[in-house]
Amino acid sequence: LAPMIAENLARNAPLGASTEADPAIDAGGELVAQRAEEIWRCVNEIWSEVRDGRLPEDDDAIALRMREDGIAFRDGMQTMETIALGPVAES
């Protein structure tokens with residue numbers, strides 16, 4: 001099976017010929033990184049308000065606050081879950 005998979009990948013998914021940096025991709029990556037930091041900052045603030053009791057622990061209230069900050073609910077909730085879980089423990 002492994003030789004068949006290797007042959008299929010070599011035929012259908014060859015590596016790109018160029019390994020040079022692509023400024024357009026780098027610029028896009030920078031925009032994504034900036035947006036992720038913005039979402040993290042806003043959601044961390046929202047999570048702090050929920051923990052402190054300044055914002056009700058209610059999906060509608062949290063969703064409204066995220067909309068006010070321009071954050072998609074799914075993205076915000078995934079980020080909030082990550083923040084709530086805390087750092088990953090090393091094993």
# chains A, B, ... in the order shown; residues from 1 in each chain; ligands from 1
call {"tool": "residues_around", "arguments": {"residues": "region 33-36 of chain A", "least_positions_apart": "3", "cutoff": "12 Å", "atoms": "only C-alpha atoms", "output": "list in words"}}
result
Asp26, Ala27, Gly28, Gly29, Glu30, Ile39, Trp40, Arg41, Cys42, Val43, Asn44, Gly70, Ile71, Ala72, Asp75, Gly76, Gln78 and Thr79 of chain A
call {"tool": "write_last_selection", "arguments": {"atoms": "C-alpha atoms", "output": "mmCIF file, in the first residue's frame"}}
result
data_model
loop_
_atom_site.group_PDB
_atom_site.id
_atom_site.type_symbol
_atom_site.label_atom_id
_atom_site.label_comp_id
_atom_site.auth_asym_id
_atom_site.auth_seq_id
_atom_site.Cartn_x
_atom_site.Cartn_y
_atom_site.Cartn_z
ATOM 1 C CA ASP A 26 3.424 36.540 3.722
ATOM 2 C CA ALA A 27 1.212 39.661 3.652
ATOM 3 C CA GLY A 28 -1.926 37.514 3.881
ATOM 4 C CA GLY A 29 -0.439 35.575 6.758
ATOM 5 C CA GLU A 30 0.336 38.808 8.580
ATOM 6 C CA ILE A 39 -10.050 38.269 18.364
ATOM 7 C CA TRP A 40 -7.960 36.884 21.251
ATOM 8 C CA ARG A 41 -7.790 40.299 22.931
ATOM 9 C CA CYS A 42 -11.523 40.983 22.596
ATOM 10 C CA VAL A 43 -12.601 37.497 23.656
ATOM 11 C CA ASN A 44 -10.217 37.531 26.613
ATOM 12 C CA GLY A 70 -17.034 42.326 15.036
ATOM 13 C CA ILE A 71 -16.254 38.746 16.003
ATOM 14 C CA ALA A 72 -18.012 35.763 14.432
ATOM 15 C CA ASP A 75 -14.560 32.005 16.131
ATOM 16 C CA GLY A 76 -15.189 33.808 19.399
ATOM 17 C CA GLN A 78 -13.640 28.582 20.031
ATOM 18 C CA THR A 79 -11.220 31.220 21.294
#
call {"tool": "atom_distance", "arguments": {"atom1": "CA of Met66 (chain A)", "atom2": "CA of Ile46 (chain A)"}}
result
8.1 Å
call {"tool": "closest_residue", "arguments": {"among": "A:Ala2, A:Ile83, A:Leu31, A:Ala89", "to": "Ser48 (chain A)", "atoms": "only C-alpha atoms"}}
result
A:Ile83
call {"tool": "atom_distance", "arguments": {"atom1": "CA of Asp59 (chain A)", "atom2": "CA of Val88 (chain A)"}}
result
25.6 Å
call {"tool": "select_by_dssp", "arguments": {"residues": "chain A", "states": "alpha helix (DSSP H)", "output": "CSV table (one decimal) with all heavy atoms, in the first residue's frame"}}
result
chain,number,residue,atom,x,y,z
A,2,ALA,N,1.9,1.3,0.8
A,2,ALA,CA,2.8,2.5,0.9
A,2,ALA,C,3.4,2.9,-0.5
A,2,ALA,O,3.3,4.1,-0.9
A,2,ALA,CB,3.9,2.2,1.9
A,3,PRO,N,3.9,1.9,-1.3
A,3,PRO,CA,4.4,2.3,-2.6
A,3,PRO,C,3.3,2.9,-3.5
A,3,PRO,O,3.5,3.8,-4.3
A,3,PRO,CB,4.9,1.0,-3.2
A,3,PRO,CG,5.2,0.1,-2.1
A,3,PRO,CD,4.2,0.5,-1.0
A,4,MET,N,2.1,2.4,-3.4
A,4,MET,CA,1.0,2.9,-4.2
A,4,MET,C,0.6,4.3,-3.8
A,4,MET,O,0.4,5.2,-4.7
A,4,MET,CB,-0.3,2.0,-4.1
A,4,MET,CG,-0.1,0.7,-4.8
A,4,MET,SD,-1.4,-0.5,-4.5
A,4,MET,CE,-2.9,0.4,-4.5
A,5,ILE,N,0.6,4.6,-2.5
A,5,ILE,CA,0.3,5.9,-2.0
A,5,ILE,C,1.4,6.9,-2.4
A,5,ILE,O,1.2,8.0,-2.9
A,5,ILE,CB,0.2,5.9,-0.5
A,5,ILE,CG1,-1.1,5.2,-0.1
A,5,ILE,CG2,0.1,7.4,0.1
A,5,ILE,CD1,-1.3,4.9,1.4
A,6,ALA,N,2.7,6.5,-2.3
A,6,ALA,CA,3.8,7.3,-2.7
A,6,ALA,C,3.8,7.7,-4.2
A,6,ALA,O,4.0,8.8,-4.6
A,6,ALA,CB,5.1,6.6,-2.3
A,7,GLU,N,3.5,6.7,-5.0
A,7,GLU,CA,3.4,6.9,-6.4
A,7,GLU,C,2.2,7.9,-6.7
A,7,GLU,O,2.3,8.8,-7.6
A,7,GLU,CB,3.2,5.6,-7.2
A,7,GLU,CG,3.3,5.7,-8.7
A,7,GLU,CD,1.9,6.1,-9.3
A,7,GLU,OE1,0.9,5.7,-8.8
A,7,GLU,OE2,2.0,6.8,-10.4
A,8,ASN,N,1.1,7.7,-6.1
A,8,ASN,CA,-0.1,8.6,-6.3
A,8,ASN,C,0.3,10.0,-5.9
A,8,ASN,O,-0.1,10.9,-6.6
A,8,ASN,CB,-1.3,8.0,-5.5
A,8,ASN,CG,-2.5,8.8,-5.8
A,8,ASN,OD1,-2.6,10.0,-5.6
A,8,ASN,ND2,-3.6,8.1,-6.2
A,9,LEU,N,0.9,10.2,-4.7
A,9,LEU,CA,1.3,11.5,-4.3
A,9,LEU,C,2.3,12.1,-5.3
A,9,LEU,O,2.2,13.3,-5.6
A,9,LEU,CB,1.8,11.5,-2.9
A,9,LEU,CG,0.8,11.2,-1.8
A,9,LEU,CD1,1.5,11.0,-0.5
A,9,LEU,CD2,-0.2,12.4,-1.7
A,10,ALA,N,3.3,11.4,-5.7
A,10,ALA,CA,4.3,11.9,-6.6
A,10,ALA,C,3.6,12.3,-8.0
A,10,ALA,O,4.0,13.3,-8.6
A,10,ALA,CB,5.4,10.8,-6.9
A,11,ARG,N,2.6,11.6,-8.4
A,11,ARG,CA,2.0,11.9,-9.7
A,11,ARG,C,1.0,13.1,-9.5
A,11,ARG,O,0.9,13.9,-10.4
A,11,ARG,CB,1.2,10.7,-10.2
A,11,ARG,CG,0.6,10.8,-11.5
A,11,ARG,CD,0.0,9.5,-12.1
A,11,ARG,NE,-0.2,8.4,-11.2
A,11,ARG,CZ,-1.4,8.2,-10.6
A,11,ARG,NH1,-2.4,8.9,-10.8
A,11,ARG,NH2,-1.5,7.2,-9.7
A,12,ASN,N,0.2,13.1,-8.4
A,12,ASN,CA,-0.9,14.1,-8.3
A,12,ASN,C,-0.6,15.3,-7.4
A,12,ASN,O,-1.3,16.3,-7.5
A,12,ASN,CB,-2.1,13.3,-7.8
A,12,ASN,CG,-2.6,12.3,-8.8
A,12,ASN,OD1,-2.8,12.6,-9.9
A,12,ASN,ND2,-2.8,11.1,-8.3
A,23,PRO,N,5.8,37.1,-1.2
A,23,PRO,CA,5.3,38.3,-0.4
A,23,PRO,C,3.8,38.4,-0.3
A,23,PRO,O,3.3,38.8,0.7
A,23,PRO,CB,5.9,39.5,-1.3
A,23,PRO,CG,7.0,38.9,-2.1
A,23,PRO,CD,6.6,37.5,-2.3
A,24,ALA,N,3.1,37.9,-1.3
A,24,ALA,CA,1.6,38.0,-1.2
A,24,ALA,C,1.1,37.0,-0.1
A,24,ALA,O,0.2,37.4,0.7
A,24,ALA,CB,1.0,37.6,-2.5
A,25,ILE,N,1.7,35.9,0.0
A,25,ILE,CA,1.3,34.9,1.0
A,25,ILE,C,1.7,35.4,2.4
A,25,ILE,O,1.0,35.3,3.4
A,25,ILE,CB,1.9,33.5,0.7
A,25,ILE,CG1,1.2,32.9,-0.5
A,25,ILE,CG2,1.7,32.6,1.9
A,25,ILE,CD1,1.8,31.6,-0.9
A,26,ASP,N,3.0,36.0,2.5
A,26,ASP,CA,3.4,36.5,3.7
A,26,ASP,C,2.5,37.7,4.2
A,26,ASP,O,2.2,37.7,5.4
A,26,ASP,CB,4.9,37.1,3.6
A,26,ASP,CG,5.9,35.9,3.4
A,26,ASP,OD1,5.5,34.8,3.6
A,26,ASP,OD2,7.0,36.2,3.0
A,27,ALA,N,2.1,38.5,3.3
A,27,ALA,CA,1.2,39.7,3.7
A,27,ALA,C,-0.1,39.1,4.1
A,27,ALA,O,-0.7,39.6,5.1
A,27,ALA,CB,1.0,40.6,2.5
A,28,GLY,N,-0.7,38.1,3.5
A,28,GLY,CA,-1.9,37.5,3.9
A,28,GLY,C,-1.8,36.9,5.2
A,28,GLY,O,-2.7,37.0,6.1
A,29,GLY,N,-0.7,36.2,5.5
A,29,GLY,CA,-0.4,35.6,6.8
A,29,GLY,C,-0.4,36.6,7.9
A,29,GLY,O,-0.8,36.4,9.0
A,30,GLU,N,0.2,37.7,7.6
A,30,GLU,CA,0.3,38.8,8.6
A,30,GLU,C,-1.1,39.3,8.9
A,30,GLU,O,-1.4,39.6,10.1
A,30,GLU,CB,1.2,39.9,8.1
A,30,GLU,CG,1.5,41.0,9.1
A,30,GLU,CD,2.2,40.5,10.3
A,30,GLU,OE1,3.1,39.6,10.2
A,30,GLU,OE2,2.0,41.0,11.4
A,31,LEU,N,-1.9,39.5,7.9
A,31,LEU,CA,-3.3,39.9,8.2
A,31,LEU,C,-4.1,38.9,9.1
A,31,LEU,O,-4.8,39.3,10.0
A,31,LEU,CB,-4.0,40.2,6.9
A,31,LEU,CG,-3.6,41.4,6.0
A,31,LEU,CD1,-4.3,41.4,4.7
A,31,LEU,CD2,-3.8,42.7,6.8
A,32,VAL,N,-3.9,37.7,8.8
A,32,VAL,CA,-4.5,36.6,9.6
A,32,VAL,C,-4.0,36.7,11.0
A,32,VAL,O,-4.8,36.6,12.0
A,32,VAL,CB,-4.3,35.2,8.9
A,32,VAL,CG1,-4.8,34.1,9.9
A,32,VAL,CG2,-5.0,35.1,7.6
A,33,ALA,N,-2.7,36.8,11.2
A,33,ALA,CA,-2.1,36.9,12.5
A,33,ALA,C,-2.7,38.1,13.3
A,33,ALA,O,-3.0,38.0,14.5
A,33,ALA,CB,-0.6,36.9,12.4
A,34,GLN,N,-2.8,39.2,12.6
A,34,GLN,CA,-3.3,40.4,13.3
A,34,GLN,C,-4.8,40.2,13.7
A,34,GLN,O,-5.2,40.6,14.8
A,34,GLN,CB,-3.2,41.6,12.4
A,34,GLN,CG,-1.8,42.1,12.2
A,34,GLN,CD,-1.7,43.2,11.1
A,34,GLN,OE1,-2.7,43.6,10.5
A,34,GLN,NE2,-0.5,43.7,10.8
A,35,ARG,N,-5.5,39.6,12.8
A,35,ARG,CA,-7.0,39.4,13.2
A,35,ARG,C,-7.1,38.4,14.3
A,35,ARG,O,-7.9,38.6,15.2
A,35,ARG,CB,-7.7,38.9,11.9
A,35,ARG,CG,-9.2,38.6,12.2
A,35,ARG,CD,-9.9,39.8,12.5
A,35,ARG,NE,-11.3,39.5,12.7
A,35,ARG,CZ,-12.2,40.1,13.5
A,35,ARG,NH1,-11.7,41.2,14.2
A,35,ARG,NH2,-13.4,39.8,13.6
A,36,ALA,N,-6.2,37.4,14.4
A,36,ALA,CA,-6.3,36.4,15.4
A,36,ALA,C,-5.9,37.1,16.8
A,36,ALA,O,-6.6,36.8,17.8
A,36,ALA,CB,-5.3,35.3,15.2
A,37,GLU,N,-5.0,38.0,16.8
A,37,GLU,CA,-4.6,38.7,18.0
A,37,GLU,C,-5.7,39.6,18.4
A,37,GLU,O,-6.0,39.7,19.6
A,37,GLU,CB,-3.3,39.5,17.8
A,37,GLU,CG,-2.1,38.7,17.7
A,37,GLU,CD,-0.8,39.5,17.3
A,37,GLU,OE1,-0.9,40.7,17.4
A,37,GLU,OE2,0.2,38.8,17.0
A,38,GLU,N,-6.4,40.2,17.5
A,38,GLU,CA,-7.6,41.1,17.8
A,38,GLU,C,-8.7,40.3,18.4
A,38,GLU,O,-9.3,40.7,19.4
A,38,GLU,CB,-8.0,41.8,16.5
A,38,GLU,CG,-9.2,42.7,16.7
A,38,GLU,CD,-9.7,43.3,15.4
A,38,GLU,OE1,-8.8,43.6,14.5
A,38,GLU,OE2,-10.9,43.6,15.3
A,39,ILE,N,-9.0,39.1,17.8
A,39,ILE,CA,-10.0,38.3,18.4
A,39,ILE,C,-9.7,37.8,19.8
A,39,ILE,O,-10.5,37.8,20.7
A,39,ILE,CB,-10.3,37.1,17.4
A,39,ILE,CG1,-11.0,37.6,16.1
A,39,ILE,CG2,-11.2,36.0,18.1
A,39,ILE,CD1,-11.1,36.5,15.1
A,40,TRP,N,-8.4,37.4,19.9
A,40,TRP,CA,-8.0,36.9,21.3
A,40,TRP,C,-8.1,38.0,22.3
A,40,TRP,O,-8.6,37.7,23.4
A,40,TRP,CB,-6.5,36.4,21.2
A,40,TRP,CG,-6.0,35.8,22.4
A,40,TRP,CD1,-5.5,36.4,23.5
A,40,TRP,CD2,-6.1,34.4,22.7
A,40,TRP,NE1,-5.2,35.5,24.5
A,40,TRP,CE2,-5.6,34.3,24.1
A,40,TRP,CE3,-6.5,33.3,22.1
A,40,TRP,CZ2,-5.4,33.0,24.7
A,40,TRP,CZ3,-6.4,32.1,22.7
A,40,TRP,CH2,-5.9,31.9,24.0
A,41,ARG,N,-7.7,39.2,22.0
A,41,ARG,CA,-7.8,40.3,22.9
A,41,ARG,C,-9.2,40.6,23.3
A,41,ARG,O,-9.6,40.7,24.5
A,41,ARG,CB,-7.1,41.6,22.3
A,41,ARG,CG,-7.1,42.7,23.3
A,41,ARG,CD,-6.6,44.0,22.6
A,41,ARG,NE,-7.2,44.3,21.3
A,41,ARG,CZ,-8.4,44.8,21.1
A,41,ARG,NH1,-9.2,45.0,22.2
A,41,ARG,NH2,-8.8,45.1,19.9
A,42,CYS,N,-10.1,40.7,22.3
A,42,CYS,CA,-11.5,41.0,22.6
A,42,CYS,C,-12.2,39.9,23.4
A,42,CYS,O,-12.9,40.1,24.4
A,42,CYS,CB,-12.3,41.2,21.3
A,42,CYS,SG,-11.8,42.7,20.4
A,43,VAL,N,-12.0,38.6,23.0
A,43,VAL,CA,-12.6,37.5,23.7
A,43,VAL,C,-12.1,37.3,25.1
A,43,VAL,O,-12.8,37.0,26.0
A,43,VAL,CB,-12.4,36.2,22.8
A,43,VAL,CG1,-12.9,35.0,23.6
A,43,VAL,CG2,-13.2,36.3,21.5
A,44,ASN,N,-10.8,37.6,25.3
A,44,ASN,CA,-10.2,37.5,26.6
A,44,ASN,C,-10.9,38.6,27.5
A,44,ASN,O,-11.2,38.3,28.7
A,44,ASN,CB,-8.7,37.8,26.6
A,44,ASN,CG,-8.0,37.3,27.8
A,44,ASN,OD1,-8.4,36.3,28.5
A,44,ASN,ND2,-7.0,38.1,28.2
A,45,GLU,N,-11.2,39.7,27.0
A,45,GLU,CA,-11.9,40.8,27.7
A,45,GLU,C,-13.3,40.3,28.0
A,45,GLU,O,-13.8,40.5,29.2
A,45,GLU,CB,-11.9,42.1,26.9
A,45,GLU,CG,-12.5,43.2,27.6
A,45,GLU,CD,-12.5,44.5,26.8
A,45,GLU,OE1,-11.4,44.8,26.2
A,45,GLU,OE2,-13.5,45.2,26.7
A,46,ILE,N,-14.0,39.7,27.1
A,46,ILE,CA,-15.4,39.2,27.3
A,46,ILE,C,-15.3,38.1,28.3
A,46,ILE,O,-16.2,38.1,29.3
A,46,ILE,CB,-16.0,38.7,26.0
A,46,ILE,CG1,-16.2,39.9,25.0
A,46,ILE,CG2,-17.3,38.0,26.2
A,46,ILE,CD1,-16.5,39.5,23.6
A,47,TRP,N,-14.4,37.2,28.3
A,47,TRP,CA,-14.3,36.1,29.2
A,47,TRP,C,-14.1,36.7,30.6
A,47,TRP,O,-14.7,36.2,31.6
A,47,TRP,CB,-13.2,35.2,28.8
A,47,TRP,CG,-13.0,34.0,29.8
A,47,TRP,CD1,-11.8,33.8,30.4
A,47,TRP,CD2,-13.9,33.0,30.2
A,47,TRP,NE1,-12.0,32.7,31.3
A,47,TRP,CE2,-13.3,32.2,31.1
A,47,TRP,CE3,-15.2,32.8,29.9
A,47,TRP,CZ2,-13.9,31.1,31.8
A,47,TRP,CZ3,-15.9,31.7,30.5
A,47,TRP,CH2,-15.2,30.9,31.4
A,48,SER,N,-13.2,37.7,30.7
A,48,SER,CA,-13.0,38.3,32.1
A,48,SER,C,-14.3,38.9,32.6
A,48,SER,O,-14.6,38.8,33.8
A,48,SER,CB,-11.9,39.4,31.9
A,48,SER,OG,-10.7,38.8,31.6
A,49,GLU,N,-15.1,39.5,31.7
A,49,GLU,CA,-16.3,40.1,32.2
A,49,GLU,C,-17.3,39.1,32.6
A,49,GLU,O,-18.1,39.3,33.6
A,49,GLU,CB,-16.9,41.0,31.1
A,49,GLU,CG,-16.1,42.2,30.8
A,49,GLU,CD,-16.7,43.1,29.6
A,49,GLU,OE1,-17.8,42.8,29.2
A,49,GLU,OE2,-15.9,44.0,29.2
A,50,VAL,N,-17.3,37.9,31.9
A,50,VAL,CA,-18.2,36.8,32.3
A,50,VAL,C,-17.8,36.3,33.7
A,50,VAL,O,-18.6,36.1,34.6
A,50,VAL,CB,-18.2,35.7,31.3
A,50,VAL,CG1,-18.9,34.4,31.8
A,50,VAL,CG2,-18.9,36.2,30.0
A,51,ARG,N,-16.5,36.0,33.9
A,51,ARG,CA,-16.0,35.5,35.1
A,51,ARG,C,-16.2,36.5,36.3
A,51,ARG,O,-16.5,36.1,37.4
A,51,ARG,CB,-14.5,35.2,35.0
A,51,ARG,CG,-14.1,34.0,34.3
A,51,ARG,CD,-12.7,33.6,34.5
A,51,ARG,NE,-11.8,34.8,34.9
A,51,ARG,CZ,-10.8,35.2,34.3
A,51,ARG,NH1,-10.4,34.6,33.2
A,51,ARG,NH2,-10.1,36.2,34.7
A,52,ASP,N,-16.1,37.8,36.0
A,52,ASP,CA,-16.3,38.8,37.1
A,52,ASP,C,-17.8,39.1,37.3
A,52,ASP,O,-18.1,39.9,38.2
A,52,ASP,CB,-15.6,40.1,36.7
A,52,ASP,CG,-14.1,39.9,36.6
A,52,ASP,OD1,-13.6,38.9,37.1
A,52,ASP,OD2,-13.4,40.8,36.1
A,59,ASP,N,-25.5,32.7,26.4
A,59,ASP,CA,-25.1,32.7,25.0
A,59,ASP,C,-25.5,34.0,24.2
A,59,ASP,O,-24.8,34.5,23.4
A,59,ASP,CB,-25.7,31.5,24.3
A,59,ASP,CG,-24.9,30.2,24.7
A,59,ASP,OD1,-23.9,30.3,25.3
A,59,ASP,OD2,-25.4,29.1,24.3
A,60,ASP,N,-26.8,34.4,24.5
A,60,ASP,CA,-27.3,35.6,23.7
A,60,ASP,C,-26.5,36.9,24.1
A,60,ASP,O,-26.1,37.7,23.2
A,60,ASP,CB,-28.8,35.8,24.0
A,60,ASP,CG,-29.6,34.8,23.3
A,60,ASP,OD1,-29.2,34.1,22.3
A,60,ASP,OD2,-30.7,34.5,23.8
A,61,ALA,N,-26.2,37.1,25.4
A,61,ALA,CA,-25.4,38.2,25.8
A,61,ALA,C,-24.0,38.2,25.3
A,61,ALA,O,-23.5,39.2,24.8
A,61,ALA,CB,-25.4,38.3,27.3
A,62,ILE,N,-23.4,37.0,25.3
A,62,ILE,CA,-22.0,36.8,24.8
A,62,ILE,C,-22.0,37.0,23.3
A,62,ILE,O,-21.1,37.7,22.7
A,62,ILE,CB,-21.5,35.5,25.2
A,62,ILE,CG1,-21.3,35.4,26.7
A,62,ILE,CG2,-20.2,35.2,24.5
A,62,ILE,CD1,-21.0,34.1,27.3
A,63,ALA,N,-23.0,36.5,22.6
A,63,ALA,CA,-23.1,36.6,21.1
A,63,ALA,C,-23.2,38.1,20.7
A,63,ALA,O,-22.6,38.6,19.8
A,63,ALA,CB,-24.2,35.8,20.6
A,64,LEU,N,-24.1,38.8,21.5
A,64,LEU,CA,-24.3,40.2,21.2
A,64,LEU,C,-23.0,41.0,21.4
A,64,LEU,O,-22.6,41.8,20.5
A,64,LEU,CB,-25.4,40.8,22.1
A,64,LEU,CG,-25.7,42.3,21.9
A,64,LEU,CD1,-26.2,42.6,20.5
A,64,LEU,CD2,-26.7,42.7,23.0
A,65,ARG,N,-22.3,40.7,22.4
A,65,ARG,CA,-21.1,41.4,22.7
A,65,ARG,C,-20.0,41.1,21.6
A,65,ARG,O,-19.3,42.0,21.1
A,65,ARG,CB,-20.5,41.0,24.1
A,65,ARG,CG,-19.2,41.6,24.4
A,65,ARG,CD,-19.3,43.1,24.5
A,65,ARG,NE,-18.0,43.7,24.6
A,65,ARG,CZ,-17.2,43.7,25.7
A,65,ARG,NH1,-17.7,43.2,26.8
A,65,ARG,NH2,-16.0,44.2,25.7
A,66,MET,N,-20.0,39.9,21.2
A,66,MET,CA,-19.0,39.5,20.1
A,66,MET,C,-19.4,40.2,18.8
A,66,MET,O,-18.5,40.7,18.1
A,66,MET,CB,-19.0,38.0,19.9
A,66,MET,CG,-18.3,37.2,21.0
A,66,MET,SD,-18.3,35.5,20.6
A,66,MET,CE,-17.6,34.9,22.2
A,67,ARG,N,-20.7,40.3,18.5
A,67,ARG,CA,-21.1,41.0,17.3
A,67,ARG,C,-20.7,42.5,17.4
A,67,ARG,O,-20.3,43.1,16.4
A,67,ARG,CB,-22.6,40.9,17.1
A,67,ARG,CG,-23.0,39.6,16.3
A,67,ARG,CD,-24.5,39.7,15.8
A,67,ARG,NE,-25.5,39.9,16.9
A,67,ARG,CZ,-26.0,38.9,17.7
A,67,ARG,NH1,-25.6,37.7,17.5
A,67,ARG,NH2,-26.9,39.2,18.6
A,68,GLU,N,-20.9,43.1,18.5
A,68,GLU,CA,-20.5,44.5,18.7
A,68,GLU,C,-19.0,44.7,18.5
A,68,GLU,O,-18.6,45.7,18.0
A,68,GLU,CB,-20.9,44.9,20.2
A,68,GLU,CG,-22.3,45.1,20.4
A,68,GLU,CD,-22.7,45.3,21.9
A,68,GLU,OE1,-21.8,45.2,22.7
A,68,GLU,OE2,-23.8,45.6,22.2
A,73,PHE,N,-19.4,34.5,16.0
A,73,PHE,CA,-19.7,33.7,17.2
A,73,PHE,C,-18.9,32.5,17.3
A,73,PHE,O,-18.3,32.2,18.3
A,73,PHE,CB,-21.2,33.4,17.2
A,73,PHE,CG,-21.6,32.7,18.5
A,73,PHE,CD1,-21.7,33.4,19.7
A,73,PHE,CD2,-22.0,31.4,18.5
A,73,PHE,CE1,-22.1,32.8,20.9
A,73,PHE,CE2,-22.4,30.7,19.7
A,73,PHE,CZ,-22.4,31.4,20.8
A,74,ARG,N,-18.8,31.7,16.2
A,74,ARG,CA,-18.0,30.4,16.2
A,74,ARG,C,-16.6,30.7,16.6
A,74,ARG,O,-16.0,30.0,17.4
A,74,ARG,CB,-18.2,29.7,14.9
A,74,ARG,CG,-17.6,28.3,15.0
A,74,ARG,CD,-17.5,27.7,13.6
A,74,ARG,NE,-16.2,28.2,13.0
A,74,ARG,CZ,-15.9,28.1,11.8
A,74,ARG,NH1,-16.7,27.6,10.9
A,74,ARG,NH2,-14.8,28.6,11.3
A,75,ASP,N,-16.0,31.7,15.9
A,75,ASP,CA,-14.6,32.0,16.1
A,75,ASP,C,-14.4,32.5,17.6
A,75,ASP,O,-13.4,32.1,18.2
A,75,ASP,CB,-14.1,33.1,15.2
A,75,ASP,CG,-14.0,32.7,13.7
A,75,ASP,OD1,-14.1,31.4,13.5
A,75,ASP,OD2,-14.0,33.5,12.9
A,76,GLY,N,-15.3,33.3,18.0
A,76,GLY,CA,-15.2,33.8,19.4
A,76,GLY,C,-15.3,32.7,20.4
A,76,GLY,O,-14.6,32.7,21.4
A,77,MET,N,-16.3,31.8,20.2
A,77,MET,CA,-16.5,30.8,21.2
A,77,MET,C,-15.4,29.8,21.2
A,77,MET,O,-15.0,29.3,22.3
A,77,MET,CB,-17.9,30.1,20.9
A,77,MET,CG,-19.1,30.9,21.2
A,77,MET,SD,-19.1,31.6,22.9
A,77,MET,CE,-19.4,30.2,23.9
A,78,GLN,N,-14.8,29.5,20.1
A,78,GLN,CA,-13.6,28.6,20.0
A,78,GLN,C,-12.5,29.2,20.8
A,78,GLN,O,-11.8,28.5,21.5
A,78,GLN,CB,-13.2,28.3,18.6
A,78,GLN,CG,-14.2,27.3,17.9
A,78,GLN,CD,-13.9,27.2,16.4
A,78,GLN,OE1,-13.2,28.0,15.8
A,78,GLN,NE2,-14.3,26.1,15.9
A,79,THR,N,-12.3,30.5,20.6
A,79,THR,CA,-11.2,31.2,21.3
A,79,THR,C,-11.5,31.3,22.8
A,79,THR,O,-10.6,31.0,23.6
A,79,THR,CB,-11.1,32.6,20.7
A,79,THR,OG1,-10.8,32.6,19.3
A,79,THR,CG2,-9.9,33.4,21.4
A,80,MET,N,-12.8,31.5,23.2
A,80,MET,CA,-13.1,31.6,24.6
A,80,MET,C,-12.9,30.2,25.2
A,80,MET,O,-12.4,30.1,26.4
A,80,MET,CB,-14.6,32.0,24.8
A,80,MET,CG,-14.9,32.2,26.2
A,80,MET,SD,-16.6,32.9,26.4
A,80,MET,CE,-16.4,34.6,25.8
A,81,GLU,N,-13.2,29.1,24.5
A,81,GLU,CA,-13.0,27.8,25.1
A,81,GLU,C,-11.5,27.6,25.3
A,81,GLU,O,-11.1,27.0,26.3
A,81,GLU,CB,-13.5,26.7,24.1
A,81,GLU,CG,-13.3,25.3,24.6
A,81,GLU,CD,-13.9,24.3,23.6
A,81,GLU,OE1,-13.9,24.5,22.4
A,81,GLU,OE2,-14.2,23.2,24.1
A,82,THR,N,-10.7,28.0,24.4
A,82,THR,CA,-9.2,27.8,24.5
A,82,THR,C,-8.7,28.6,25.7
A,82,THR,O,-7.9,28.1,26.5
A,82,THR,CB,-8.5,28.3,23.2
A,82,THR,OG1,-9.0,27.6,22.1
A,82,THR,CG2,-7.0,28.2,23.3
A,83,ILE,N,-9.2,29.8,25.9
A,83,ILE,CA,-8.8,30.7,27.0
A,83,ILE,C,-9.3,30.0,28.3
A,83,ILE,O,-8.5,29.9,29.3
A,83,ILE,CB,-9.4,32.1,26.9
A,83,ILE,CG1,-8.7,32.8,25.7
A,83,ILE,CG2,-9.2,32.9,28.2
A,83,ILE,CD1,-9.3,34.1,25.3
A,84,ALA,N,-10.5,29.5,28.3
A,84,ALA,CA,-11.1,28.9,29.6
A,84,ALA,C,-10.3,27.7,30.0
A,84,ALA,O,-10.2,27.4,31.2
A,84,ALA,CB,-12.6,28.6,29.3
A,85,LEU,N,-9.9,26.9,29.0
A,85,LEU,CA,-9.2,25.7,29.3
A,85,LEU,C,-7.8,25.9,29.9
A,85,LEU,O,-7.2,25.1,30.6
A,85,LEU,CB,-9.0,24.8,28.1
A,85,LEU,CG,-10.3,24.2,27.6
A,85,LEU,CD1,-10.1,23.5,26.2
A,85,LEU,CD2,-10.9,23.2,28.6
